[in-house]
$ cat model.cif   # mmCIF, C-alpha atoms
data_upload
#
loop_
_atom_site.label_atom_id
_atom_site.label_comp_id
_atom_site.auth_asym_id
_atom_site.auth_seq_id
_atom_site.Cartn_x
_atom_site.Cartn_y
_atom_site.Cartn_z
CA MET A 215 0.00 0.00 0.00
CA SER A 216 1.41 3.34 -0.99
CA PHE A 217 -0.10 6.56 0.28
CA SER A 218 2.12 9.29 -1.05
CA LEU A 219 -0.81 10.88 -2.84
CA ASP A 220 1.12 13.93 -3.94
CA LEU A 221 -0.69 15.55 -6.84
CA TYR A 222 2.24 17.88 -7.54
CA VAL A 223 3.65 17.47 -11.03
CA PRO A 224 7.01 19.27 -11.17
CA GLY A 225 7.35 21.83 -13.93
CA ARG A 226 8.84 25.19 -14.86
CA SER A 227 5.77 27.02 -16.17
CA TRP A 228 4.74 30.48 -14.95
CA LEU A 229 2.14 28.96 -12.65
CA HIS A 230 4.68 26.56 -11.18
CA ARG A 231 7.10 29.39 -10.48
CA CYS A 232 4.44 31.62 -8.93
CA ASP A 233 4.51 32.27 -5.22
CA PRO A 234 2.02 29.87 -3.54
CA ARG A 235 0.38 32.85 -1.86
CA VAL A 236 -0.47 34.32 -5.25
CA LYS A 237 -1.94 30.98 -6.30
CA LEU A 238 -4.03 30.82 -3.13
CA TRP A 239 -5.28 34.33 -3.82
CA MET A 240 -6.17 33.40 -7.39
CA MET A 241 -8.03 30.33 -6.20
CA LEU A 242 -10.00 32.41 -3.74
CA LEU A 243 -10.93 34.96 -6.40
CA GLY A 244 -11.94 32.16 -8.73
CA LEU A 245 -14.19 30.58 -6.11
CA VAL A 246 -15.88 33.91 -5.41
CA LEU A 247 -16.52 34.40 -9.12
CA ALA A 248 -17.85 30.84 -9.50
CA PHE A 249 -20.48 31.62 -6.89
CA ARG A 250 -21.12 35.14 -8.13
CA TRP A 251 -22.05 34.17 -11.68
CA THR A 252 -25.43 32.53 -11.96
CA HIS A 253 -25.90 31.94 -15.68
CA PRO A 254 -24.87 28.51 -17.03
CA LEU A 255 -23.32 30.01 -20.15
CA THR A 256 -21.11 32.38 -18.13
CA GLN A 257 -20.11 29.48 -15.93
CA ALA A 258 -19.31 27.36 -18.99
CA ILE A 259 -17.06 30.08 -20.38
CA PHE A 260 -15.43 30.33 -16.95
CA VAL A 261 -14.72 26.58 -16.86
CA ALA A 262 -13.37 26.68 -20.41
CA SER A 263 -11.06 29.57 -19.60
CA LEU A 264 -9.87 27.77 -16.45
CA LEU A 265 -9.05 24.73 -18.59
CA LEU A 266 -7.19 26.96 -21.04
CA THR A 267 -5.24 28.60 -18.20
CA LEU A 268 -4.24 25.22 -16.79
CA ARG A 269 -3.16 24.00 -20.20
CA LEU A 270 -1.12 27.18 -20.70
CA ALA A 271 0.47 26.49 -17.33
CA GLY A 272 1.70 23.15 -18.63
CA VAL A 273 -0.74 20.86 -16.80
CA SER A 274 -1.02 17.76 -18.99
CA TRP A 275 -4.25 16.40 -20.41
CA ARG A 276 -3.62 13.20 -18.47
CA THR A 277 -3.67 15.05 -15.17
CA LEU A 278 -6.78 16.99 -16.12
CA GLY A 279 -8.40 13.79 -17.38
CA TRP A 280 -7.79 12.16 -14.02
CA LEU A 281 -9.59 15.04 -12.32
CA TRP A 282 -12.50 14.74 -14.77
CA GLN A 283 -12.71 10.99 -14.08
CA GLN A 284 -13.17 11.78 -10.40
CA MET A 285 -15.83 14.38 -11.10
CA ARG A 286 -17.91 12.89 -13.89
CA LEU A 287 -20.21 10.75 -11.74
CA LEU A 288 -21.27 13.73 -9.65
CA VAL A 289 -21.70 15.93 -12.70
CA VAL A 290 -23.86 13.40 -14.53
CA LEU A 291 -25.98 12.75 -11.47
CA MET A 292 -26.55 16.44 -10.86
CA LEU A 293 -27.56 16.94 -14.48
CA LEU A 294 -30.03 14.05 -14.26
CA LEU A 295 -31.59 14.70 -10.86
CA GLN A 296 -31.45 18.42 -10.19
CA PRO A 297 -33.94 19.46 -12.92
CA LEU A 298 -36.64 17.39 -11.22
CA PHE A 299 -36.16 19.11 -7.88
CA SER A 300 -36.22 22.77 -8.79
CA PRO A 301 -38.80 23.30 -11.50
CA SER A 302 -39.18 26.88 -12.69
CA GLY A 303 -39.77 28.71 -15.93
CA ARG A 304 -41.32 27.09 -18.98
CA ILE A 305 -42.46 23.51 -18.47
CA LEU A 306 -41.18 21.11 -21.11
CA ALA A 307 -42.60 17.80 -19.93
CA GLN A 308 -44.59 16.49 -17.01
CA VAL A 309 -44.85 12.88 -15.86
CA GLY A 310 -46.81 12.43 -12.66
CA PRO A 311 -45.12 14.48 -9.91
CA LEU A 312 -41.97 14.92 -12.01
CA THR A 313 -41.66 18.17 -13.93
CA LEU A 314 -39.01 18.90 -16.49
CA SER A 315 -38.66 22.64 -16.92
CA LEU A 316 -36.33 25.08 -18.59
CA GLY A 317 -35.36 26.70 -15.29
CA GLY A 318 -34.62 23.32 -13.74
CA ILE A 319 -32.29 22.31 -16.55
CA SER A 320 -30.46 25.61 -16.43
CA SER A 321 -30.00 25.41 -12.64
CA ALA A 322 -28.69 21.85 -12.99
CA MET A 323 -26.17 22.94 -15.61
CA LEU A 324 -25.13 25.87 -13.46
CA LEU A 325 -24.49 23.68 -10.40
CA ALA A 326 -22.64 21.03 -12.41
CA LEU A 327 -20.39 23.59 -14.09
CA ARG A 328 -19.76 25.32 -10.76
CA VAL A 329 -18.54 22.06 -9.23
CA LEU A 330 -16.26 21.56 -12.23
CA ALA A 331 -14.93 25.07 -11.81
CA MET A 332 -14.21 24.37 -8.13
CA ALA A 333 -12.39 21.17 -9.04
CA PHE A 334 -10.22 22.84 -11.66
CA LEU A 335 -9.42 25.72 -9.30
CA THR A 336 -8.21 23.39 -6.54
CA GLY A 337 -6.47 21.24 -9.13
CA GLY A 338 -4.65 24.28 -10.46
CA LEU A 339 -3.24 24.90 -7.00
CA LEU A 340 -2.36 21.31 -6.06
CA PHE A 341 -0.98 20.20 -9.44
CA THR A 342 1.50 23.06 -9.60
CA THR A 343 2.50 23.58 -5.97
CA ASP A 344 4.92 21.56 -3.89
CA GLN A 345 3.32 20.51 -0.59
CA ARG A 346 6.15 22.01 1.45
CA ALA A 347 5.90 25.31 -0.40
CA LEU A 348 2.17 25.36 0.30
CA VAL A 349 2.70 24.84 4.03
CA ARG A 350 5.37 27.57 4.04
CA ALA A 351 2.90 29.89 2.36
CA PHE A 352 0.26 29.18 5.02
CA VAL A 353 2.80 29.90 7.76
CA ARG A 354 3.80 33.16 6.09
CA LEU A 355 0.13 34.09 5.88
CA GLY A 356 -0.14 33.87 9.65
CA LEU A 357 -0.82 30.22 10.40
CA PRO A 358 1.00 29.44 13.67
CA TYR A 359 4.20 27.59 12.91
CA THR A 360 3.23 24.57 15.02
CA TRP A 361 0.02 24.16 12.99
CA GLY A 362 1.98 24.29 9.77
CA LEU A 363 4.34 21.69 11.21
CA THR A 364 1.37 19.48 12.13
CA LEU A 365 0.15 19.75 8.55
CA SER A 366 3.46 18.82 6.97
CA LEU A 367 4.06 16.05 9.54
CA THR A 368 0.69 14.58 8.58
CA LEU A 369 1.72 14.53 4.95
CA ARG A 370 5.09 13.04 5.90
CA PHE A 371 3.48 10.35 8.07
CA LEU A 372 1.41 9.01 5.18
CA PRO A 373 4.13 7.00 3.43
CA ALA A 374 5.45 5.87 6.82
CA ILE A 375 2.05 4.46 7.79
CA GLY A 376 1.74 2.89 4.35
CA ASN A 377 5.05 1.08 4.82
CA LEU A 378 4.07 0.03 8.33
CA ALA A 379 0.78 -1.36 7.01
CA THR A 380 2.57 -3.39 4.35
CA THR A 381 5.02 -4.82 6.87
CA VAL A 382 2.33 -5.79 9.38
CA ARG A 383 0.08 -7.28 6.74
CA GLU A 384 2.85 -9.38 5.28
CA ALA A 385 3.87 -10.54 8.73
CA GLN A 386 0.30 -11.55 9.55
CA ALA A 387 -0.22 -13.15 6.15
CA SER A 388 2.85 -15.32 6.69
CA ARG A 389 1.08 -16.59 9.83
CA GLY A 390 -1.94 -17.59 7.77
CA TRP A 391 -4.05 -14.47 8.17
CA VAL A 392 -6.56 -13.77 5.39
CA ALA A 393 -9.23 -11.10 5.11
CA GLU A 394 -12.24 -12.08 3.05
CA GLY A 395 -16.02 -11.92 3.13
CA ASN A 396 -18.20 -8.83 3.16
CA LEU A 397 -17.08 -5.41 4.25
CA LEU A 398 -18.09 -5.66 7.91
CA ARG A 399 -16.48 -9.05 8.28
CA ARG A 400 -13.32 -7.87 6.62
CA ALA A 401 -13.24 -4.82 8.88
CA ARG A 402 -13.30 -7.17 11.89
CA GLU A 403 -10.55 -9.32 10.47
CA TYR A 404 -8.47 -6.23 9.89
CA GLN A 405 -8.69 -5.24 13.55
CA PRO A 406 -5.59 -7.12 14.79
CA VAL A 407 -3.61 -5.73 11.86
CA LEU A 408 -4.85 -2.23 12.56
CA ILE A 409 -3.93 -2.52 16.23
CA ALA A 410 -0.40 -3.55 15.35
CA ILE A 411 -0.17 -0.65 12.90
CA ILE A 412 -1.37 1.85 15.50
CA ILE A 413 1.06 0.59 18.14
CA GLY A 414 3.89 0.83 15.64
CA ALA A 415 2.78 4.30 14.61
CA LEU A 416 2.55 5.48 18.23
CA GLN A 417 6.13 4.39 18.79
CA LEU A 418 7.08 6.24 15.63
CA SER A 419 5.48 9.41 16.95
CA ASP A 420 7.22 8.99 20.31
CA GLN A 421 10.56 8.82 18.54
CA LEU A 422 9.67 11.87 16.51
CA THR A 423 8.65 13.74 19.67
CA LEU A 424 12.07 13.04 21.16
CA ALA A 425 13.83 14.01 17.97
CA LEU A 426 11.96 17.30 17.71
CA ALA A 427 12.53 18.10 21.39
CA ALA A 428 16.22 17.31 20.97
CA ARG A 429 16.36 19.81 18.13
CA GLY A 430 14.83 22.45 20.34
CA LEU A 431 11.39 22.85 18.78
CA GLY A 432 9.42 25.58 20.48
CA TYR A 433 12.58 26.93 22.10
CA THR A 434 12.22 30.30 20.44
CA GLN A 435 9.07 32.05 19.34
CA LYS A 436 10.56 33.68 16.26
CA ARG A 437 11.53 31.16 13.64
CA THR A 438 13.95 31.67 10.82
CA SER A 439 14.01 29.67 7.65
CA TRP A 440 16.59 28.94 5.03
CA ARG A 441 14.32 29.44 2.05
CA GLU A 442 12.33 32.63 2.44
CA LEU A 443 9.26 33.15 0.29
CA ARG A 444 9.70 36.37 -1.62
CA PHE A 445 7.58 38.08 -4.24
CA ARG A 446 9.29 38.40 -7.62
CA HIS A 447 8.31 40.41 -10.67
CA LEU A 448 6.31 37.51 -12.05
CA ASP A 449 4.32 37.27 -8.82
CA TRP A 450 3.39 40.96 -8.85
CA TRP A 451 2.33 40.75 -12.48
CA VAL A 452 0.19 37.65 -11.95
CA LEU A 453 -1.29 39.14 -8.80
CA ALA A 454 -2.20 42.40 -10.53
CA LEU A 455 -3.54 40.69 -13.63
CA SER A 456 -5.69 38.18 -11.76
CA THR A 457 -7.10 40.88 -9.48
CA LEU A 458 -7.88 42.99 -12.56
CA VAL A 459 -9.67 40.07 -14.24
CA PHE A 460 -11.60 39.46 -11.05
CA ALA A 461 -12.63 43.10 -10.79
CA ALA A 462 -13.75 43.03 -14.42
CA GLY A 463 -15.75 39.86 -13.83
CA TRP A 464 -17.36 41.26 -10.70
CA GLY A 465 -18.10 44.56 -12.40
CA ALA A 466 -19.69 42.80 -15.35
CA SER A 467 -22.01 40.94 -13.01
CA LEU A 468 -23.00 44.28 -11.45
CA VAL A 469 -23.79 45.84 -14.83
CA PHE A 470 -25.49 42.74 -16.21
CA PRO A 471 -27.20 40.97 -13.28
CA ALA A 472 -28.25 38.18 -15.64
CA LEU A 473 -24.65 36.92 -15.93
CA MET B 175 0.73 22.85 22.29
CA THR B 176 3.29 20.36 23.47
CA ILE B 177 5.48 18.53 20.99
CA ARG B 178 3.91 15.24 21.98
CA ARG B 179 0.44 16.45 21.18
CA LEU B 180 1.68 17.88 17.91
CA THR B 181 3.17 14.61 16.69
CA LEU B 182 0.24 12.61 18.03
CA THR B 183 -2.23 14.84 16.19
CA ALA B 184 -0.27 14.60 12.96
CA LEU B 185 -0.07 10.84 13.34
CA MET B 186 -3.79 10.45 13.93
CA ALA B 187 -4.58 12.77 11.02
CA ALA B 188 -2.42 10.55 8.83
CA LEU B 189 -4.25 7.49 10.13
CA VAL B 190 -7.62 9.07 9.35
CA PHE B 191 -6.31 9.92 5.88
CA VAL B 192 -5.13 6.36 5.28
CA LEU B 193 -8.38 4.76 6.43
CA THR B 194 -10.38 7.29 4.40
CA VAL B 195 -8.46 6.51 1.24
CA ALA B 196 -7.89 2.77 1.77
CA VAL B 197 -11.52 1.65 1.55
CA ARG B 198 -13.56 3.79 -0.81
CA LEU B 199 -16.97 2.85 -2.11
CA PRO B 200 -18.24 5.47 -4.56
CA THR B 201 -21.84 6.53 -3.94
CA ALA B 202 -24.48 7.62 -6.40
CA ALA B 203 -24.07 11.30 -5.63
CA GLY B 204 -20.40 11.36 -6.52
CA GLY B 205 -19.15 11.13 -2.97
CA TYR B 206 -17.73 8.04 -1.38
CA LEU B 207 -18.15 5.86 1.66
CA HIS B 208 -15.04 5.25 3.71
CA LEU B 209 -13.80 4.06 7.08
CA GLY B 210 -12.34 7.38 8.11
CA ASP B 211 -15.03 7.73 10.78
CA ALA B 212 -13.61 4.70 12.55
CA ALA B 213 -10.22 6.38 12.84
CA ILE B 214 -11.83 9.65 13.97
CA ALA B 215 -13.87 7.91 16.66
CA PHE B 216 -10.79 6.00 17.73
CA SER B 217 -8.60 9.08 18.10
CA ALA B 218 -11.37 11.00 19.86
CA PHE B 219 -11.93 8.18 22.35
CA ALA B 220 -8.26 7.45 22.89
CA PHE B 221 -6.76 10.94 22.91
CA GLY B 222 -9.51 13.41 23.68
CA PRO B 223 -11.42 16.13 21.83
CA TRP B 224 -8.59 18.22 20.38
CA VAL B 225 -6.58 15.40 18.89
CA GLY B 226 -9.80 13.82 17.62
CA GLY B 227 -11.11 17.05 16.15
CA VAL B 228 -7.93 18.21 14.44
CA ALA B 229 -7.14 14.71 13.20
CA GLY B 230 -10.64 14.35 11.78
CA ALA B 231 -10.54 17.75 10.10
CA LEU B 232 -7.05 17.45 8.64
CA GLY B 233 -7.26 13.77 7.77
CA THR B 234 -10.53 13.82 5.85
CA GLY B 235 -9.94 17.27 4.37
CA LEU B 236 -6.57 16.27 2.95
CA ALA B 237 -7.93 12.91 1.83
CA ASP B 238 -10.63 14.69 -0.17
CA LEU B 239 -8.17 17.16 -1.63
CA TYR B 240 -5.55 14.63 -2.61
CA GLY B 241 -7.89 11.74 -3.35
CA GLY B 242 -9.68 13.58 -6.13
CA TYR B 243 -12.81 14.87 -4.40
CA PRO B 244 -11.79 18.51 -3.87
CA GLN B 245 -15.39 19.68 -3.83
CA PHE B 246 -15.89 17.94 -0.49
CA ALA B 247 -12.66 19.08 1.16
CA LEU B 248 -13.96 22.10 3.03
CA ILE B 249 -17.17 20.38 4.17
CA SER B 250 -15.23 17.37 5.38
CA PHE B 251 -12.74 19.59 7.17
CA LEU B 252 -15.47 21.33 9.17
CA VAL B 253 -17.90 18.46 9.67
CA HIS B 254 -15.43 15.74 10.61
CA GLY B 255 -13.49 18.18 12.76
CA LEU B 256 -16.62 18.96 14.74
CA GLN B 257 -17.51 15.28 14.88
CA GLY B 258 -14.14 14.32 16.33
CA TRP B 259 -14.13 17.14 18.84
CA LEU B 260 -17.67 16.46 20.07
CA MET B 261 -17.12 12.72 20.43
CA GLY B 262 -13.91 13.29 22.34
CA TRP B 263 -15.51 15.93 24.54
CA LEU B 264 -18.47 13.70 25.45
CA VAL B 265 -16.36 10.73 26.53
CA GLN B 266 -13.60 12.80 28.09
CA ARG B 267 -14.57 12.36 31.72
CA ARG B 268 -16.44 9.09 32.02
CA MET B 269 -16.98 6.34 29.52
CA THR B 270 -20.20 4.58 30.45
CA THR B 271 -22.23 2.67 27.87
CA GLY B 272 -24.84 5.45 27.76
CA ILE B 273 -22.29 8.17 27.11
CA VAL B 274 -20.58 6.08 24.44
CA VAL B 275 -23.89 5.52 22.64
CA LEU B 276 -24.66 9.23 22.96
CA ALA B 277 -21.27 10.10 21.48
CA VAL B 278 -21.78 7.73 18.55
CA VAL B 279 -25.25 9.13 17.87
CA CYS B 280 -24.18 12.78 18.17
CA GLY B 281 -21.12 12.28 16.00
CA SER B 282 -23.15 10.60 13.28
CA ALA B 283 -25.88 13.23 13.49
CA ILE B 284 -23.32 15.99 12.93
CA VAL B 285 -21.89 14.23 9.89
CA VAL B 286 -25.26 13.56 8.28
CA ALA B 287 -26.71 17.00 9.00
CA GLY B 288 -23.51 18.85 8.11
CA TYR B 289 -23.09 17.17 4.74
CA PHE B 290 -26.78 17.56 3.97
CA VAL B 291 -26.84 21.31 4.59
CA ALA B 292 -23.55 21.93 2.78
CA GLU B 293 -24.56 19.82 -0.20
CA ILE B 294 -27.82 21.68 -0.62
CA PHE B 295 -25.77 24.84 -1.13
CA LEU B 296 -23.13 23.28 -3.34
CA PHE B 297 -24.84 20.62 -5.41
CA GLY B 298 -28.55 21.27 -4.99
CA ILE B 299 -31.12 19.42 -2.95
CA ALA B 300 -31.31 16.42 -5.30
CA ALA B 301 -27.75 15.26 -4.80
CA ALA B 302 -27.95 16.12 -1.11
CA LEU B 303 -30.98 13.89 -0.52
CA THR B 304 -29.39 10.85 -2.13
CA GLU B 305 -26.44 11.18 0.24
CA VAL B 306 -28.39 11.05 3.52
CA LEU B 307 -28.78 7.29 3.79
CA PRO B 308 -25.24 6.33 2.76
CA ASN B 309 -23.85 9.01 5.09
CA THR B 310 -25.88 7.72 8.04
CA LEU B 311 -24.74 4.17 7.35
CA GLN B 312 -21.12 5.21 6.99
CA SER B 313 -20.88 7.35 10.10
CA VAL B 314 -22.72 4.93 12.40
CA VAL B 315 -20.82 1.86 11.19
CA GLY B 316 -17.58 3.84 11.28
CA ALA B 317 -18.13 5.10 14.82
CA VAL B 318 -19.07 1.63 16.11
CA LEU B 319 -15.98 0.14 14.49
CA GLY B 320 -13.90 2.93 16.00
CA VAL B 321 -15.22 2.29 19.50
CA SER B 322 -14.64 -1.43 19.21
CA LEU B 323 -11.16 -0.72 17.90
CA TYR B 324 -10.48 1.48 20.93
CA LEU B 325 -11.70 -1.20 23.36
CA ALA B 326 -9.66 -3.88 21.62
CA MET B 327 -6.67 -1.56 21.62
CA LYS B 328 -6.97 -0.96 25.35
CA ARG B 329 -6.89 -4.70 25.95
CA ALA B 330 -4.00 -5.28 23.58
CA TYR B 331 -1.90 -2.28 24.54
CA PRO B 332 -2.82 -0.82 27.96
CA PRO B 333 -0.20 1.98 27.78
CA ILE B 334 -2.46 3.74 25.28
CA THR B 335 -4.42 5.29 28.15
CA ARG B 336 -1.23 7.06 29.21
CA TYR B 337 -1.32 9.17 26.06
CA HIS B 338 -4.71 10.54 27.00
CA GLU B 339 -3.75 11.39 30.56
CA ARG B 340 -0.65 13.19 29.42
CA GLU B 341 -2.86 15.15 27.08
CA ARG B 342 -5.06 16.41 29.84
CA ARG B 343 -2.34 17.99 31.89
#

$ encode --input "model.cif" --output "structure tokens"
Amino acid sequence: MSFSLDLYVPGRSWLHRCDPRVKLWMMLLGLVLAFRWTHPLTQAIFVASLLLTLRLAGVSWRTLGWLWQQMRLLVVLMLLLQPLFSPSGRILAQVGPLTLSLGGISSAMLLALRVLAMAFLTGGLLFTTDQRALVRAFVRLGLPYTWGLTLSLTLRFLPAIGNLATTVREAQASRGWVAEGNLLRRAREYQPVLIAIIIGALQLSDQLTLALAARGLGYTQKRTSWRELRFRHLDWWVLALSTLVFAAGWGASLVFPAL
Amino acid sequence: MTIRRLTLTALMAALVFVLTVAVRLPTAAGGYLHLGDAAIAFSAFAFGPWVGGVAGALGTGLADLYGGYPQFALISFLVHGLQGWLMGWLVQRRMTTGIVVLAVVCGSAIVVAGYFVAEIFLFGIAAALTEVLPNTLQSVVGAVLGVSLYLAMKRAYPPITRYHERERR
């Protein structure tokens, strides 16, 4: 079992080289816009332009396709079910209590596209940002250092627990342990394995506690770091441009409320 | 925050993550059923409200983000965080059968209600309604498994209670 689910795909594009704080800011603006615009067509254009941006930032079709694979079930279901729940506008068809209306279809498309937009926005951040850089950005934005450390330790523990799980399972399997049957039954059979994993993991965390204490964690309040996050020209340009686009989008929705 | 609590929280968050990702049954509404609740209940029972809450929030939130369900990340972060904290808080002082049942029921109620309300906003009422039953099933089964895991753990490895007492100081 391997659990290093790092979505980061290393690259040298402008989005990759951007400061993570700028990317967070862009994601936030994008989310606000996704909820501000209420017309399916606007939302569709938004999703298309997000896709274009990600492609321009060197995110491969394979990566984007993976994201779509994860999303498609929800999107299809929303398109099928939502129209029946919020009928409004012109009625197209009526079967018993079920009403298919123009307003229902448009609200379903809006919600589906909005979810896609959200997925691509988060994807844009996670595909192009190293986990450690992201945690550093959060700390620079005011997250207490210990919280940031908890976050990165969690991510670091994942492969360790995965290895531990493999070891324990192999050890138990060599003693004739098998897990089969339905889910509940298998969950019960997994219990001894899980207990061994947790004990092993607790010892791991004890060792880490000692190691961190030995290195003087929490000894000083002010922390220094070797690699400082610093805004470069590119960051200012991207920041200004994205804020401008956001302002334009917001302004447009003020002038044309139908957007 | 002591260093021990920090590493313990990170560890439990990782455990929640692993259990959330290890067994995933996709549901009709595009979400998935998982055993993360078992790990949340376990860490809440074993280590108290704060470890349980933060582990639940971080573990499921990150699992959603990195497992390809980013639309659920924020909901999971809030809902499972609250679930872990409340369960841990309820069983913090005494652990009688009644209180344990109450904790399981309250934790599950928070998960079901939280996801329902959030999904109405995000995906519309249709998708939200189809999620109620699977969510109830998942959180109740998960919490019961978590409690039984904790009891089995206490038998197998009595020193585990030490971690909780050190937390309280």

$ interface_residues --input "model.cif" --of "chain A" --to "chain B" --cutoff "7 Å" --atoms "all atoms listed in the file" --output "count of residues only"
28

$ residues_around --input "model.cif" --residues "Ala258 (chain A)" --least-positions-apart "2" --cutoff "10 Å" --atoms "all atoms listed in the file" --output "short mmCIF file (atom, residue, chain, number, x, y, z; two decimals) with C-alpha atoms, in the coordinates of the input"
data_model
loop_
_atom_site.label_atom_id
_atom_site.label_comp_id
_atom_site.auth_asym_id
_atom_site.auth_seq_id
_atom_site.Cartn_x
_atom_site.Cartn_y
_atom_site.Cartn_z
CA HIS A 253 -25.90 31.94 -15.68
CA PRO A 254 -24.87 28.51 -17.03
CA LEU A 255 -23.32 30.01 -20.15
CA THR A 256 -21.11 32.38 -18.13
CA PHE A 260 -15.43 30.33 -16.95
CA VAL A 261 -14.72 26.58 -16.86
CA ALA A 262 -13.37 26.68 -20.41
CA SER A 263 -11.06 29.57 -19.60
CA LEU A 264 -9.87 27.77 -16.45
CA MET A 323 -26.17 22.94 -15.61
CA LEU A 324 -25.13 25.87 -13.46
CA ALA A 326 -22.64 21.03 -12.41
CA LEU A 327 -20.39 23.59 -14.09
CA ARG A 328 -19.76 25.32 -10.76
CA LEU A 330 -16.26 21.56 -12.23
CA ALA A 331 -14.93 25.07 -11.81
#

$ residues_around --input "model.cif" --residues "Gly230 (chain B)" --least-positions-apart "5" --cutoff "9 Å" --atoms "only C-alpha atoms" --output "list in words"
Met186, Ala187, Val190, Phe191, Gly210, Asp211, Ala213, Ile214, Ala215, Ser217, Ala218, Val225, Gly235, Ser250, Phe251, Leu252, Val253, His254, Gly255, Leu256, Gln257, Gly258 and Trp259 of chain B

$ residues_around --input "model.cif" --residues "Gly414 (chain A)" --least-positions-apart "2" --cutoff "12 Å" --atoms "all atoms listed in the file" --output "VMD selection string"
(chain A and resid 374 to 379 381 to 382 407 to 412 416 to 421) or (chain B and resid 185 189 331 334)

$ resolve_selection --input "model.cif" --expression "the PyMOL selection byres ((chain A and resi 353) around 12)" --output "VMD selection string"
chain A and resid 234 to 235 346 to 352 354 to 366 437 to 439 442 to 443

$ atom_distance --input "model.cif" --atom1 "CA of Arg444 (chain A)" --atom2 "CA of Lys237 (chain A)"
13.7 Å

$ closest_residue --input "model.cif" --among "B:Ala283, B:Val265, B:Ala277, B:Ala220" --to "Gln312 (chain B)" --atoms "all atoms listed in the file"
B:Ala283

$ atom_distance --input "model.cif" --atom1 "CA of Ala461 (chain A)" --atom2 "CA of Val236 (chain A)"
16.0 Å

$ atom_distance --input "model.cif" --atom1 "CA of Leu455 (chain A)" --atom2 "CA of Tyr222 (chain A)"
24.3 Å

$ closest_residue --input "model.cif" --among "B:Gly272, B:Pro332, B:Gly288, B:Gly226" --to "Ala212 (chain B)" --atoms "all atoms listed in the file"
B:Gly226

$ resolve_selection --input "model.cif" --expression "the PyMOL selection byres ((chain A and resi 303-307) around 6)" --output "list of chain:residue names"
A:Ser302, A:Gln308, A:Leu314, A:Ser315, A:Leu316, A:Gly317

$ resolve_selection --input "model.cif" --expression "the PyMOL selection byres ((chain B and resi 287) around 12)" --output "ChimeraX atom specification"
/B:249,253-254,256-257,279-286,288-294,302-303,305-307,309-310,313

$ closest_residue --input "model.cif" --among "A:Arg286, A:Leu298, A:Leu268, A:Ala385" --to "Leu340 (chain A)" --atoms "all atoms listed in the file"
A:Leu268

$ decode --input "model.cif" --residues "region 392-431 of chain A" --atoms "C-alpha atoms" --output "tab-separated table (two decimals), in the first residue's frame"
chain	number	residue	atom	x	y	z
A	392	VAL	CA	-6.56	-13.77	5.39
A	393	ALA	CA	-9.23	-11.10	5.11
A	394	GLU	CA	-12.24	-12.08	3.05
A	395	GLY	CA	-16.02	-11.92	3.13
A	396	ASN	CA	-18.20	-8.83	3.16
A	397	LEU	CA	-17.08	-5.41	4.25
A	398	LEU	CA	-18.09	-5.66	7.91
A	399	ARG	CA	-16.48	-9.05	8.28
A	400	ARG	CA	-13.32	-7.87	6.62
A	401	ALA	CA	-13.24	-4.82	8.88
A	402	ARG	CA	-13.30	-7.17	11.89
A	403	GLU	CA	-10.55	-9.32	10.47
A	404	TYR	CA	-8.47	-6.23	9.89
A	405	GLN	CA	-8.69	-5.24	13.55
A	406	PRO	CA	-5.59	-7.12	14.79
A	407	VAL	CA	-3.61	-5.73	11.86
A	408	LEU	CA	-4.85	-2.23	12.56
A	409	ILE	CA	-3.93	-2.52	16.23
A	410	ALA	CA	-0.40	-3.55	15.35
A	411	ILE	CA	-0.17	-0.65	12.90
A	412	ILE	CA	-1.37	1.85	15.50
A	413	ILE	CA	1.06	0.59	18.14
A	414	GLY	CA	3.89	0.83	15.64
A	415	ALA	CA	2.78	4.30	14.61
A	416	LEU	CA	2.55	5.48	18.23
A	417	GLN	CA	6.13	4.39	18.79
A	418	LEU	CA	7.08	6.24	15.63
A	419	SER	CA	5.48	9.41	16.95
A	420	ASP	CA	7.22	8.99	20.31
A	421	GLN	CA	10.56	8.82	18.54
A	422	LEU	CA	9.67	11.87	16.51
A	423	THR	CA	8.65	13.74	19.67
A	424	LEU	CA	12.07	13.04	21.16
A	425	ALA	CA	13.83	14.01	17.97
A	426	LEU	CA	11.96	17.30	17.71
A	427	ALA	CA	12.53	18.10	21.39
A	428	ALA	CA	16.22	17.31	20.97
A	429	ARG	CA	16.36	19.81	18.13
A	430	GLY	CA	14.83	22.45	20.34
A	431	LEU	CA	11.39	22.85	18.78
